[in-house]
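S.K.: For reference, the file query_2.cif (mmCIF, C-alpha atoms) is included below:
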data_final
#
loop_
_atom_site.group_PDB
_atom_site.id
_atom_site.type_symbol
_atom_site.label_atom_id
_atom_site.label_comp_id
_atom_site.auth_asym_id
_atom_site.auth_seq_id
_atom_site.Cartn_x
_atom_site.Cartn_y
_atom_site.Cartn_z
ATOM 1 C CA MET L 1 -72.464 28.123 67.265
ATOM 2 C CA SER L 2 -70.058 29.864 69.576
ATOM 3 C CA PHE L 3 -67.093 28.979 71.750
ATOM 4 C CA LEU L 4 -69.523 27.967 74.470
ATOM 5 C CA GLU L 5 -69.473 24.439 73.048
ATOM 6 C CA ASP L 6 -65.717 24.171 73.601
ATOM 7 C CA ALA L 7 -65.922 23.724 77.354
ATOM 8 C CA ALA L 8 -68.544 22.980 79.956
ATOM 9 C CA PRO L 9 -70.763 26.054 80.474
ATOM 10 C CA ALA L 10 -69.465 28.075 83.389
ATOM 11 C CA SER L 11 -71.632 29.613 86.066
ATOM 12 C CA PRO L 12 -70.743 33.214 86.919
ATOM 13 C CA GLY L 13 -67.437 33.289 88.769
ATOM 14 C CA ALA L 14 -66.328 29.755 87.862
ATOM 15 C CA ALA L 15 -63.012 28.932 86.197
ATOM 16 C CA ALA L 16 -63.287 28.105 82.496
ATOM 17 C CA SER L 17 -61.434 28.037 79.165
ATOM 18 C CA ARG L 18 -62.173 28.794 75.532
ATOM 19 C CA MET L 19 -60.374 27.991 72.301
ATOM 20 C CA ALA L 20 -59.580 30.801 69.870
ATOM 21 C CA TRP L 21 -59.699 28.883 66.602
ATOM 22 C CA ALA L 22 -57.845 30.177 63.534
ATOM 23 C CA LYS L 23 -59.974 31.968 60.958
ATOM 24 C CA VAL L 24 -59.314 31.068 57.309
ATOM 25 C CA ASN L 25 -60.614 32.941 54.263
ATOM 26 C CA LEU L 26 -61.183 30.231 51.669
ATOM 27 C CA THR L 27 -62.112 33.076 49.309
ATOM 28 C CA LEU L 28 -61.664 36.834 49.575
ATOM 29 C CA HIS L 29 -63.190 39.070 46.910
ATOM 30 C CA CYS L 30 -62.703 42.840 47.213
ATOM 31 C CA THR L 31 -65.951 44.299 45.862
ATOM 32 C CA GLY L 32 -65.569 48.017 46.566
ATOM 33 C CA GLN L 33 -64.422 50.734 48.925
ATOM 34 C CA ARG L 34 -66.524 52.975 51.125
ATOM 35 C CA ALA L 35 -66.100 56.732 51.337
ATOM 36 C CA ASP L 36 -64.442 56.303 54.747
ATOM 37 C CA GLY L 37 -61.736 54.137 53.178
ATOM 38 C CA TYR L 38 -62.915 50.765 54.454
ATOM 39 C CA HIS L 39 -62.936 48.012 51.840
ATOM 40 C CA LEU L 40 -66.004 45.924 51.039
ATOM 41 C CA LEU L 41 -65.460 42.173 50.948
ATOM 42 C CA ASP L 42 -67.195 38.968 49.996
ATOM 43 C CA SER L 43 -65.516 36.001 51.668
ATOM 44 C CA LEU L 44 -66.178 32.365 52.530
ATOM 45 C CA VAL L 45 -64.750 32.002 56.036
ATOM 46 C CA VAL L 46 -64.146 28.832 58.044
ATOM 47 C CA ARG L 47 -62.525 28.036 61.376
ATOM 48 C CA ALA L 48 -59.629 25.591 61.526
ATOM 49 C CA GLY L 49 -59.055 23.224 64.432
ATOM 50 C CA VAL L 50 -55.843 24.904 65.565
ATOM 51 C CA GLY L 51 -55.668 27.974 67.746
ATOM 52 C CA ASP L 52 -54.869 29.765 70.952
ATOM 53 C CA ALA L 53 -56.397 28.911 74.333
ATOM 54 C CA LEU L 54 -57.738 31.417 76.848
ATOM 55 C CA HIS L 55 -58.297 30.613 80.523
ATOM 56 C CA VAL L 56 -59.905 32.591 83.332
ATOM 57 C CA VAL L 57 -59.995 32.270 87.117
ATOM 58 C CA PRO L 58 -61.725 34.616 89.536
ATOM 59 C CA ALA L 59 -59.700 37.594 90.720
ATOM 60 C CA GLU L 60 -60.309 41.009 92.217
ATOM 61 C CA ASP L 61 -58.450 42.824 89.437
ATOM 62 C CA LEU L 62 -58.301 42.361 85.675
ATOM 63 C CA SER L 63 -54.986 40.937 84.448
ATOM 64 C CA LEU L 64 -53.490 39.023 81.528
ATOM 65 C CA THR L 65 -50.516 36.688 81.298
ATOM 66 C CA VAL L 66 -49.276 34.975 78.141
ATOM 67 C CA SER L 67 -47.350 31.763 77.461
ATOM 68 C CA GLY L 68 -46.844 29.426 74.532
ATOM 69 C CA ALA L 69 -44.678 29.060 71.456
ATOM 70 C CA ARG L 70 -45.872 32.412 70.052
ATOM 71 C CA ALA L 71 -45.878 34.378 73.319
ATOM 72 C CA GLU L 72 -42.782 36.463 72.573
ATOM 73 C CA GLY L 73 -43.694 40.078 71.924
ATOM 74 C CA VAL L 74 -47.371 39.660 72.791
ATOM 75 C CA PRO L 75 -48.397 42.619 74.989
ATOM 76 C CA THR L 76 -50.099 42.001 78.321
ATOM 77 C CA ASP L 77 -51.412 45.549 78.705
ATOM 78 C CA ALA L 78 -54.287 47.469 77.102
ATOM 79 C CA ARG L 79 -52.794 46.992 73.631
ATOM 80 C CA ASN L 80 -53.923 43.345 73.716
ATOM 81 C CA LEU L 81 -57.370 42.751 72.211
ATOM 82 C CA VAL L 82 -58.151 40.291 75.011
ATOM 83 C CA LEU L 83 -58.061 43.100 77.564
ATOM 84 C CA GLN L 84 -59.860 45.459 75.191
ATOM 85 C CA ALA L 85 -62.631 42.858 74.906
ATOM 86 C CA ALA L 86 -62.741 42.555 78.691
ATOM 87 C CA GLU L 87 -63.047 46.319 79.084
ATOM 88 C CA MET L 88 -65.846 46.382 76.503
ATOM 89 C CA LEU L 89 -67.794 43.789 78.493
ATOM 90 C CA ASP L 90 -66.991 45.329 81.864
ATOM 91 C CA ALA L 91 -68.157 48.798 80.777
ATOM 92 C CA GLY L 92 -66.627 50.432 83.834
ATOM 93 C CA ALA L 93 -68.186 48.080 86.386
ATOM 94 C CA GLY L 94 -64.802 47.222 87.857
ATOM 95 C CA ARG L 95 -65.085 43.444 87.542
ATOM 96 C CA GLY L 96 -61.934 41.375 87.955
ATOM 97 C CA ALA L 97 -60.577 38.285 86.225
ATOM 98 C CA ALA L 98 -57.165 36.652 85.895
ATOM 99 C CA LEU L 99 -56.793 35.755 82.220
ATOM 100 C CA HIS L 100 -54.085 33.527 80.780
ATOM 101 C CA LEU L 101 -53.543 33.240 77.023
ATOM 102 C CA GLU L 102 -51.696 30.275 75.497
ATOM 103 C CA LYS L 103 -50.443 31.751 72.239
ATOM 104 C CA HIS L 104 -49.870 29.321 69.366
ATOM 105 C CA LEU L 105 -51.071 31.227 66.276
ATOM 106 C CA PRO L 106 -48.691 33.641 64.534
ATOM 107 C CA ALA L 107 -49.624 37.322 64.754
ATOM 108 C CA ALA L 108 -50.574 39.524 61.791
ATOM 109 C CA ALA L 109 -50.814 36.397 59.672
ATOM 110 C CA GLY L 110 -54.181 36.610 57.910
ATOM 111 C CA ILE L 111 -55.800 33.971 60.144
ATOM 112 C CA GLY L 112 -57.376 36.252 62.732
ATOM 113 C CA GLY L 113 -55.136 35.418 65.669
ATOM 114 C CA GLY L 114 -55.786 38.598 67.642
ATOM 115 C CA SER L 115 -59.431 38.744 66.589
ATOM 116 C CA ALA L 116 -59.949 35.115 67.593
ATOM 117 C CA ASP L 117 -58.404 35.868 70.988
ATOM 118 C CA ALA L 118 -60.748 38.846 71.409
ATOM 119 C CA ALA L 119 -63.756 36.736 70.452
ATOM 120 C CA ALA L 120 -62.739 34.035 72.912
ATOM 121 C CA ALA L 121 -62.400 36.689 75.623
ATOM 122 C CA LEU L 122 -65.869 38.060 74.895
ATOM 123 C CA ASP L 123 -67.446 34.613 74.980
ATOM 124 C CA LEU L 124 -65.498 33.438 78.017
ATOM 125 C CA LEU L 125 -66.027 36.542 80.139
ATOM 126 C CA SER L 126 -69.663 36.865 79.128
ATOM 127 C CA ALA L 127 -70.218 33.498 80.814
ATOM 128 C CA HIS L 128 -67.749 34.162 83.646
ATOM 129 C CA TRP L 129 -69.326 37.487 84.631
ATOM 130 C CA GLY L 130 -72.879 36.594 83.617
ATOM 131 C CA VAL L 131 -73.238 39.563 81.266
ATOM 132 C CA PRO L 132 -74.526 39.663 77.658
ATOM 133 C CA LEU L 133 -72.306 40.006 74.636
ATOM 134 C CA PRO L 134 -72.206 43.557 73.231
ATOM 135 C CA ALA L 135 -73.826 44.214 69.879
ATOM 136 C CA ASP L 136 -70.894 46.176 68.446
ATOM 137 C CA THR L 137 -68.093 43.614 68.642
ATOM 138 C CA ALA L 138 -66.753 44.824 65.274
ATOM 139 C CA ARG L 139 -65.308 47.816 67.151
ATOM 140 C CA LEU L 140 -62.555 45.466 68.270
ATOM 141 C CA GLY L 141 -61.748 44.525 64.667
ATOM 142 C CA ALA L 142 -63.518 43.572 61.458
ATOM 143 C CA ASP L 143 -62.826 39.851 61.991
ATOM 144 C CA VAL L 144 -64.143 39.675 65.558
ATOM 145 C CA PRO L 145 -67.815 39.023 64.647
ATOM 146 C CA VAL L 146 -66.925 36.083 62.405
ATOM 147 C CA CYS L 147 -64.546 34.767 65.066
ATOM 148 C CA LEU L 148 -67.538 34.530 67.415
ATOM 149 C CA THR L 149 -68.966 31.888 65.091
ATOM 150 C CA ARG L 150 -67.761 28.388 64.367
ATOM 151 C CA GLY L 151 -69.378 26.967 61.232
ATOM 152 C CA PRO L 152 -68.743 28.310 57.711
ATOM 153 C CA GLN L 153 -69.913 31.871 57.108
ATOM 154 C CA ARG L 154 -70.306 34.191 54.166
ATOM 155 C CA MET L 155 -68.743 37.464 55.333
ATOM 156 C CA GLN L 156 -69.696 40.644 53.491
ATOM 157 C CA GLY L 157 -69.598 44.400 53.954
ATOM 158 C CA VAL L 158 -66.511 45.301 55.975
ATOM 159 C CA GLY L 159 -66.907 42.067 57.913
ATOM 160 C CA GLU L 160 -70.101 42.806 59.814
ATOM 161 C CA VAL L 161 -72.589 41.079 57.474
ATOM 162 C CA LEU L 162 -72.516 37.352 58.258
ATOM 163 C CA THR L 163 -74.619 34.633 56.643
ATOM 164 C CA PRO L 164 -74.297 31.117 58.101
ATOM 165 C CA LEU L 165 -73.759 28.450 55.437
ATOM 166 C CA SER L 166 -74.435 24.738 55.321
ATOM 167 C CA ALA L 167 -71.725 22.528 56.773
ATOM 168 C CA LEU L 168 -68.893 21.850 54.342
ATOM 169 C CA PRO L 169 -67.839 18.301 53.446
ATOM 170 C CA PRO L 170 -65.161 16.831 55.726
ATOM 171 C CA CYS L 171 -61.956 18.609 54.803
ATOM 172 C CA GLN L 172 -58.434 18.877 56.173
ATOM 173 C CA MET L 173 -56.057 21.766 55.716
ATOM 174 C CA VAL L 174 -52.408 22.565 56.158
ATOM 175 C CA LEU L 175 -51.586 26.119 57.224
ATOM 176 C CA VAL L 176 -48.159 27.548 56.391
ATOM 177 C CA ASN L 177 -46.751 30.892 57.527
ATOM 178 C CA PRO L 178 -43.197 31.947 56.584
ATOM 179 C CA GLY L 179 -42.812 34.420 59.439
ATOM 180 C CA VAL L 180 -42.974 37.671 57.471
ATOM 181 C CA ASP L 181 -45.109 40.684 58.380
ATOM 182 C CA VAL L 182 -47.632 41.707 55.728
ATOM 183 C CA PRO L 183 -49.476 44.848 56.949
ATOM 184 C CA THR L 184 -53.120 44.665 55.871
ATOM 185 C CA PRO L 185 -53.438 48.400 55.025
ATOM 186 C CA ALA L 186 -50.403 48.230 52.752
ATOM 187 C CA VAL L 187 -51.780 45.219 50.883
ATOM 188 C CA PHE L 188 -55.166 46.860 50.354
ATOM 189 C CA SER L 189 -53.481 50.084 49.228
ATOM 190 C CA ALA L 190 -51.504 48.164 46.610
ATOM 191 C CA LEU L 191 -54.628 46.510 45.189
ATOM 192 C CA SER L 192 -55.037 47.993 41.719
ATOM 193 C CA ASP L 193 -58.739 47.178 41.205
ATOM 194 C CA LYS L 194 -60.895 47.414 44.308
ATOM 195 C CA ASN L 195 -64.187 46.690 42.557
ATOM 196 C CA GLN L 196 -63.964 43.007 41.698
ATOM 197 C CA PRO L 197 -66.975 40.700 41.162
ATOM 198 C CA PRO L 198 -68.421 39.050 44.284
ATOM 199 C CA MET L 199 -69.036 35.356 44.781
ATOM 200 C CA PRO L 200 -72.252 33.913 43.288
ATOM 201 C CA ASP L 201 -75.465 35.158 44.902
ATOM 202 C CA VAL L 202 -76.136 31.657 46.246
ATOM 203 C CA ILE L 203 -73.350 29.562 47.745
ATOM 204 C CA PRO L 204 -74.251 25.958 46.902
ATOM 205 C CA THR L 205 -74.418 23.012 49.244
ATOM 206 C CA PHE L 206 -71.523 20.711 48.420
ATOM 207 C CA ALA L 207 -72.135 16.994 48.054
ATOM 208 C CA GLY L 208 -68.496 16.103 48.650
ATOM 209 C CA PHE L 209 -64.891 17.262 48.815
ATOM 210 C CA SER L 210 -64.438 17.450 45.028
ATOM 211 C CA ASP L 211 -67.521 19.661 44.655
ATOM 212 C CA LEU L 212 -66.132 22.072 47.239
ATOM 213 C CA ILE L 213 -62.768 22.198 45.460
ATOM 214 C CA ASP L 214 -64.430 22.785 42.063
ATOM 215 C CA PHE L 215 -66.349 25.736 43.509
ATOM 216 C CA LEU L 216 -63.332 27.247 45.238
ATOM 217 C CA ARG L 217 -61.228 27.034 42.082
ATOM 218 C CA GLU L 218 -63.671 29.467 40.467
ATOM 219 C CA GLN L 219 -63.220 31.970 43.300
ATOM 220 C CA ARG L 220 -60.267 34.158 44.316
ATOM 221 C CA ASN L 221 -58.258 35.949 46.970
ATOM 222 C CA ASP L 222 -57.870 39.397 45.440
ATOM 223 C CA LEU L 223 -55.174 40.338 47.953
ATOM 224 C CA ALA L 224 -52.810 37.549 46.951
ATOM 225 C CA ALA L 225 -51.069 39.391 44.098
ATOM 226 C CA PRO L 226 -50.220 42.557 46.062
ATOM 227 C CA ALA L 227 -49.198 40.486 49.093
ATOM 228 C CA ILE L 228 -46.858 38.322 46.984
ATOM 229 C CA ALA L 229 -45.415 41.438 45.340
ATOM 230 C CA ARG L 230 -44.546 42.726 48.818
ATOM 231 C CA GLU L 231 -43.335 39.381 50.199
ATOM 232 C CA PRO L 232 -42.390 36.907 47.420
ATOM 233 C CA VAL L 233 -41.884 34.135 49.993
ATOM 234 C CA ILE L 234 -45.690 33.770 50.020
ATOM 235 C CA ALA L 235 -45.388 32.273 46.539
ATOM 236 C CA SER L 236 -42.913 29.777 47.980
ATOM 237 C CA CYS L 237 -45.511 28.769 50.576
ATOM 238 C CA LEU L 238 -48.057 28.153 47.841
ATOM 239 C CA GLU L 239 -45.512 26.098 45.921
ATOM 240 C CA ALA L 240 -44.835 24.030 49.049
ATOM 241 C CA LEU L 241 -48.562 23.217 49.083
ATOM 242 C CA SER L 242 -48.626 22.174 45.423
ATOM 243 C CA ASP L 243 -49.761 18.641 46.295
ATOM 244 C CA ALA L 244 -52.988 19.984 47.845
ATOM 245 C CA ALA L 245 -56.284 19.858 45.990
ATOM 246 C CA LEU L 246 -56.315 23.648 46.322
ATOM 247 C CA ALA L 247 -53.723 26.079 47.700
ATOM 248 C CA ARG L 248 -54.446 29.751 48.420
ATOM 249 C CA MET L 249 -53.481 32.616 50.689
ATOM 250 C CA SER L 250 -55.762 33.466 53.625
ATOM 251 C CA GLY L 251 -56.816 37.048 54.327
ATOM 252 C CA SER L 252 -54.127 39.591 53.580
ATOM 253 C CA GLY L 253 -51.375 37.011 54.224
ATOM 254 C CA ALA L 254 -48.865 35.784 54.823
ATOM 255 C CA THR L 255 -50.464 32.473 55.878
ATOM 256 C CA CYS L 256 -51.350 30.109 53.044
ATOM 257 C CA PHE L 257 -53.501 26.995 53.218
ATOM 258 C CA GLY L 258 -53.783 23.774 51.294
ATOM 259 C CA LEU L 259 -56.920 21.636 51.303
ATOM 260 C CA TYR L 260 -56.675 17.848 51.533
ATOM 261 C CA ALA L 261 -59.271 15.087 51.412
ATOM 262 C CA ASN L 262 -58.136 13.320 54.582
ATOM 263 C CA ALA L 263 -56.032 13.728 57.696
ATOM 264 C CA ALA L 264 -53.297 11.342 56.554
ATOM 265 C CA GLN L 265 -52.603 13.441 53.464
ATOM 266 C CA ALA L 266 -52.600 16.669 55.461
ATOM 267 C CA LYS L 267 -50.290 15.329 58.166
ATOM 268 C CA ALA L 268 -47.871 13.962 55.560
ATOM 269 C CA ALA L 269 -47.791 17.337 53.773
ATOM 270 C CA ALA L 270 -47.261 19.216 57.047
ATOM 271 C CA HIS L 271 -44.392 16.888 57.998
ATOM 272 C CA ARG L 272 -42.768 17.311 54.580
ATOM 273 C CA ILE L 273 -43.032 21.116 54.650
ATOM 274 C CA SER L 274 -41.796 21.368 58.244
ATOM 275 C CA ALA L 275 -38.756 19.241 57.396
ATOM 276 C CA ALA L 276 -37.932 21.361 54.349
ATOM 277 C CA ALA L 277 -38.567 24.733 56.039
ATOM 278 C CA PRO L 278 -38.137 24.281 59.810
ATOM 279 C CA HIS L 279 -38.331 28.046 60.437
ATOM 280 C CA TRP L 280 -41.872 28.245 59.015
ATOM 281 C CA TRP L 281 -44.992 27.819 61.150
ATOM 282 C CA VAL L 282 -46.855 24.766 59.839
ATOM 283 C CA ALA L 283 -50.030 23.158 61.185
ATOM 284 C CA ALA L 284 -52.401 20.454 59.968
ATOM 285 C CA ALA L 285 -55.997 20.778 61.139
ATOM 286 C CA PRO L 286 -59.575 19.975 60.129
ATOM 287 C CA ILE L 287 -62.075 22.580 59.023
ATOM 288 C CA LEU L 288 -64.505 22.805 61.944
ATOM 289 C CA ALA L 289 -68.035 21.652 61.219
ATOM 290 C CA ALA L 290 -71.101 23.748 61.895
#
Output the structure of this file as structure tokens.
M.R.:
Amino acid sequence: MSFLEDAAPASPGAAASRMAWAKVNLTLHCTGQRADGYHLLDSLVVRAGVGDALHVVPAEDLSLTVSGARAEGVPTDARNLVLQAAEMLDAGAGRGAALHLEKHLPAAAGIGGGSADAAAALDLLSAHWGVPLPADTARLGADVPVCLTRGPQRMQGVGEVLTPLSALPPCQMVLVNPGVDVPTPAVFSALSDKNQPPMPDVIPTFAGFSDLIDFLREQRNDLAAPAIAREPVIASCLEALSDAALARMSGSGATCFGLYANAAQAKAAAHRISAAAPHWWVAAAPILAA
């Protein structure tokens, strides 16, 4: 399932929008390192119902504007993955499009903000221009392929091996980011053991919320310890989520998530955390179904 379900299908040239949903690593096992330095992962990845929004209208030239609570500092030139995705699709054909990104997700936060934006751009412009998606979307970033999906995925290799999983039980989460920069390369470099056990060969189908939590408690995020050593405030985020059924860091940080059985619990936790730490980014959202 792709972003194409998020808005009415657009005929070539029509105006349209796509959501760039946050990506959350419920687990992240580092299982090795290739000779080229890239790390091998085994991760259970979901999309959360909070994200950026990307809009397009026809135009002669390709352009990008940005607004939203997280717009400050976001480039509008070729450094932005949205325009890199557009150039990948355009392949020198000289197509135009006026793109506008509503930025709500924090950057460099372990929830795939830039990768989700790139995936939304690929999906949106593929429909807008009437061209197929490229096969090598991972060139834009290891998280881009998984951000082109919506239901839960098992992500392996360096991010390019995706296995769709059965829909998870209804589940709500609270995402918390303290506003610190945790560079992914630095966190991986600080990981002492890069050959940890993977998840079980078969990911089970979960009968209910408690079964999902029991499974996740047996799994890990191997990057949490080095990330916390670099930015101890991540541990404070996890402590703020102590009332959740499970609290863990996503990706290489600094965003942490807590899982809750229902929306009322999640919204109450988000309100409590926001009141106690108003400078943190806090969002309550469901895990998106398949």
S.K.: What do you get, as a PyMOL selection string, if you spell out every residue that the PyMOL selection byres ((chain L and resi 137-148) around 9) selects here?
M.R.: chain L and resi 1-3+20-23+45-47+81+84-85+88+112+114-120+122-123+133-136+149-150+153+155+158-162
S.K.: Report the centre and edge lengths, in Å to one decimal, of an axis-aligned box enclosing every atom of range 166-185 of chain L listed in the file, padded by 5 Å on each side, as lines of an AutoDock Vina configuration file.
M.R.:
center_x = -58.6
center_y = 32.6
center_z = 56.4
size_x = 41.6
size_y = 41.6
size_z = 16.0
S.K.: Given the file shown, enumerate the residues that the PyMOL selection byres ((chain L and resi 86) around 10) captures and present them as a PyMOL selection string.
M.R.: chain L and resi 62-63+78+81-85+87-91+95-97+99+118+121-126
S.K.: List as CSV every residue of range 59-118 of chain L that is in contact with range 246-262 of chain L, defined as an atom at most 7 Å from one of its atoms (using only C-alpha atoms), together with the nearest atom pair and the distance in Å rounded to one decimal, sorted by chain and then rising number.
M.R.:
residue,atom,partner,partner_atom,distance
L:Ala109,CA,L:Ala254,CA,5.3
L:Gly110,CA,L:Gly251,CA,4.5
L:Ile111,CA,L:Ser250,CA,6.5
S.K.: Given the PyMOL selection byres ((chain L and resi 190-205) around 10) and the file above, list the residues it selects as JSON, numbers by chain.
M.R.: {"L": [27, 28, 29, 30, 31, 32, 33, 39, 40, 41, 42, 43, 44, 154, 156, 165, 166, 167, 168, 169, 185, 186, 187, 188, 189, 206, 207, 208, 211, 212, 215, 216, 218, 219, 220, 222, 223, 224, 225, 226, 227, 229, 230]}
S.K.: Could those residues be written to a file, using C-alpha atoms, as an mmCIF file, in the coordinates of the input?
M.R.:
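part.cif written:
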data_model
loop_
_atom_site.group_PDB
_atom_site.id
_atom_site.type_symbol
_atom_site.label_atom_id
_atom_site.label_comp_id
_atom_site.auth_asym_id
_atom_site.auth_seq_id
_atom_site.Cartn_x
_atom_site.Cartn_y
_atom_site.Cartn_z
ATOM 1 C CA THR L 27 -62.112 33.076 49.309
ATOM 2 C CA LEU L 28 -61.664 36.834 49.575
ATOM 3 C CA HIS L 29 -63.190 39.070 46.910
ATOM 4 C CA CYS L 30 -62.703 42.840 47.213
ATOM 5 C CA THR L 31 -65.951 44.299 45.862
ATOM 6 C CA GLY L 32 -65.569 48.017 46.566
ATOM 7 C CA GLN L 33 -64.422 50.734 48.925
ATOM 8 C CA HIS L 39 -62.936 48.012 51.840
ATOM 9 C CA LEU L 40 -66.004 45.924 51.039
ATOM 10 C CA LEU L 41 -65.460 42.173 50.948
ATOM 11 C CA ASP L 42 -67.195 38.968 49.996
ATOM 12 C CA SER L 43 -65.516 36.001 51.668
ATOM 13 C CA LEU L 44 -66.178 32.365 52.530
ATOM 14 C CA ARG L 154 -70.306 34.191 54.166
ATOM 15 C CA GLN L 156 -69.696 40.644 53.491
ATOM 16 C CA LEU L 165 -73.759 28.450 55.437
ATOM 17 C CA SER L 166 -74.435 24.738 55.321
ATOM 18 C CA ALA L 167 -71.725 22.528 56.773
ATOM 19 C CA LEU L 168 -68.893 21.850 54.342
ATOM 20 C CA PRO L 169 -67.839 18.301 53.446
ATOM 21 C CA PRO L 185 -53.438 48.400 55.025
ATOM 22 C CA ALA L 186 -50.403 48.230 52.752
ATOM 23 C CA VAL L 187 -51.780 45.219 50.883
ATOM 24 C CA PHE L 188 -55.166 46.860 50.354
ATOM 25 C CA SER L 189 -53.481 50.084 49.228
ATOM 26 C CA PHE L 206 -71.523 20.711 48.420
ATOM 27 C CA ALA L 207 -72.135 16.994 48.054
ATOM 28 C CA GLY L 208 -68.496 16.103 48.650
ATOM 29 C CA ASP L 211 -67.521 19.661 44.655
ATOM 30 C CA LEU L 212 -66.132 22.072 47.239
ATOM 31 C CA PHE L 215 -66.349 25.736 43.509
ATOM 32 C CA LEU L 216 -63.332 27.247 45.238
ATOM 33 C CA GLU L 218 -63.671 29.467 40.467
ATOM 34 C CA GLN L 219 -63.220 31.970 43.300
ATOM 35 C CA ARG L 220 -60.267 34.158 44.316
ATOM 36 C CA ASP L 222 -57.870 39.397 45.440
ATOM 37 C CA LEU L 223 -55.174 40.338 47.953
ATOM 38 C CA ALA L 224 -52.810 37.549 46.951
ATOM 39 C CA ALA L 225 -51.069 39.391 44.098
ATOM 40 C CA PRO L 226 -50.220 42.557 46.062
ATOM 41 C CA ALA L 227 -49.198 40.486 49.093
ATOM 42 C CA ALA L 229 -45.415 41.438 45.340
ATOM 43 C CA ARG L 230 -44.546 42.726 48.818
#
S.K.: Compare L:Val174, L:Ile228, L:Ala245, L:Val233 by their minimum atom-to-atom distance to Ala266 in chain L, counting all atoms listed in the file, and give me the closest one.
M.R.: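 Checking each candidate against Ala266 in chain L, we get L:Val174 as the closest.
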S.K.: Go ahead and compute the interatomic distance for CA of Asn25 in chain L and CA of Ser274 in chain L, in Å to one decimal.
M.R.: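 These atoms are spaced 22.4 Å apart.
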S.K.: For a quick check of understanding, using all atoms listed in the file, which of L:Leu105, L:His128, L:Gly73, L:Gly37 has the smallest distance to Ala16 in chain L?
M.R.: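 Selected residue with least distance to Ala16 in chain L: L:His128.
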S.K.: Could you jot down the CA of Met173 in chain L to CA of Ala284 in chain L separation for me, Å, one decimal place?
M.R.: 5.8 Å
S.K.: To one decimal place in Å, what is the distance between CA of Pro232 in chain L and CA of Leu26 in chain L?
M.R.: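 Atom-to-atom, CA of Pro232 in chain L and CA of Leu26 in chain L are spaced 20.4 Å apart.
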S.K.: With distances taken over all atoms listed in the file, which of L:Ala71, L:Ala108, L:Ala93, L:Ala275 is nearest to Pro183 in chain L?
M.R.: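 Comparing L:Ala71, L:Ala108, L:Ala93, L:Ala275 against Pro183 in chain L, the winner is L:Ala108.
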S.K.: Nearest to Gly151 in chain L among L:Val180, L:Ala48, L:Ala35, L:Ala263, with distances taken over only C-alpha atoms: which residue is it?
M.R.: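 Result for the nearest residue to Gly151 in chain L: L:Ala48.
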S.K.: With distances taken over only C-alpha atoms, which of L:Thr65, L:Tyr38, L:Gly113, L:Asp77 is nearest to Met19 in chain L?
M.R.: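 Ranked by minimum distance to Met19 in chain L, first place goes to L:Gly113.
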S.K.: With N, CA and C atoms as the target, complete range 270-281 of chain L and hand it back as a PDB file, in the frame of the given file.
M.R.:
ATOM      1  N   ALA L 270     -47.798  18.361  55.991  1.00  0.00           N
ATOM      2  CA  ALA L 270     -47.261  19.216  57.047  1.00  0.00           C
ATOM      3  C   ALA L 270     -45.878  18.748  57.479  1.00  0.00           C
ATOM      4  N   HIS L 271     -45.701  17.436  57.613  1.00  0.00           N
ATOM      5  CA  HIS L 271     -44.392  16.888  57.998  1.00  0.00           C
ATOM      6  C   HIS L 271     -43.348  17.208  56.933  1.00  0.00           C
ATOM      7  N   ARG L 272     -43.707  17.044  55.669  1.00  0.00           N
ATOM      8  CA  ARG L 272     -42.768  17.311  54.580  1.00  0.00           C
ATOM      9  C   ARG L 272     -42.361  18.784  54.560  1.00  0.00           C
ATOM     10  N   ILE L 273     -43.334  19.686  54.707  1.00  0.00           N
ATOM     11  CA  ILE L 273     -43.032  21.116  54.650  1.00  0.00           C
ATOM     12  C   ILE L 273     -42.199  21.541  55.857  1.00  0.00           C
ATOM     13  N   SER L 274     -42.555  21.030  57.035  1.00  0.00           N
ATOM     14  CA  SER L 274     -41.796  21.368  58.244  1.00  0.00           C
ATOM     15  C   SER L 274     -40.343  20.926  58.137  1.00  0.00           C
ATOM     16  N   ALA L 275     -40.118  19.740  57.547  1.00  0.00           N
ATOM     17  CA  ALA L 275     -38.756  19.241  57.396  1.00  0.00           C
ATOM     18  C   ALA L 275     -37.952  20.093  56.418  1.00  0.00           C
ATOM     19  N   ALA L 276     -38.621  20.571  55.365  1.00  0.00           N
ATOM     20  CA  ALA L 276     -37.932  21.361  54.349  1.00  0.00           C
ATOM     21  C   ALA L 276     -37.729  22.810  54.778  1.00  0.00           C
ATOM     22  N   ALA L 277     -38.645  23.338  55.607  1.00  0.00           N
ATOM     23  CA  ALA L 277     -38.567  24.733  56.039  1.00  0.00           C
ATOM     24  C   ALA L 277     -38.846  24.800  57.544  1.00  0.00           C
ATOM     25  N   PRO L 278     -37.893  24.380  58.367  1.00  0.00           N
ATOM     26  CA  PRO L 278     -38.137  24.281  59.810  1.00  0.00           C
ATOM     27  C   PRO L 278     -38.416  25.615  60.497  1.00  0.00           C
ATOM     28  N   HIS L 279     -38.088  26.728  59.836  1.00  0.00           N
ATOM     29  CA  HIS L 279     -38.331  28.046  60.437  1.00  0.00           C
ATOM     30  C   HIS L 279     -39.744  28.550  60.143  1.00  0.00           C
ATOM     31  N   TRP L 280     -40.489  27.861  59.290  1.00  0.00           N
ATOM     32  CA  TRP L 280     -41.872  28.245  59.015  1.00  0.00           C
ATOM     33  C   TRP L 280     -42.795  27.670  60.087  1.00  0.00           C
ATOM     34  N   TRP L 281     -43.916  28.354  60.300  1.00  0.00           N
ATOM     35  CA  TRP L 281     -44.992  27.819  61.150  1.00  0.00           C
ATOM     36  C   TRP L 281     -45.890  26.967  60.268  1.00  0.00           C
TER      37      TRP L 281
END
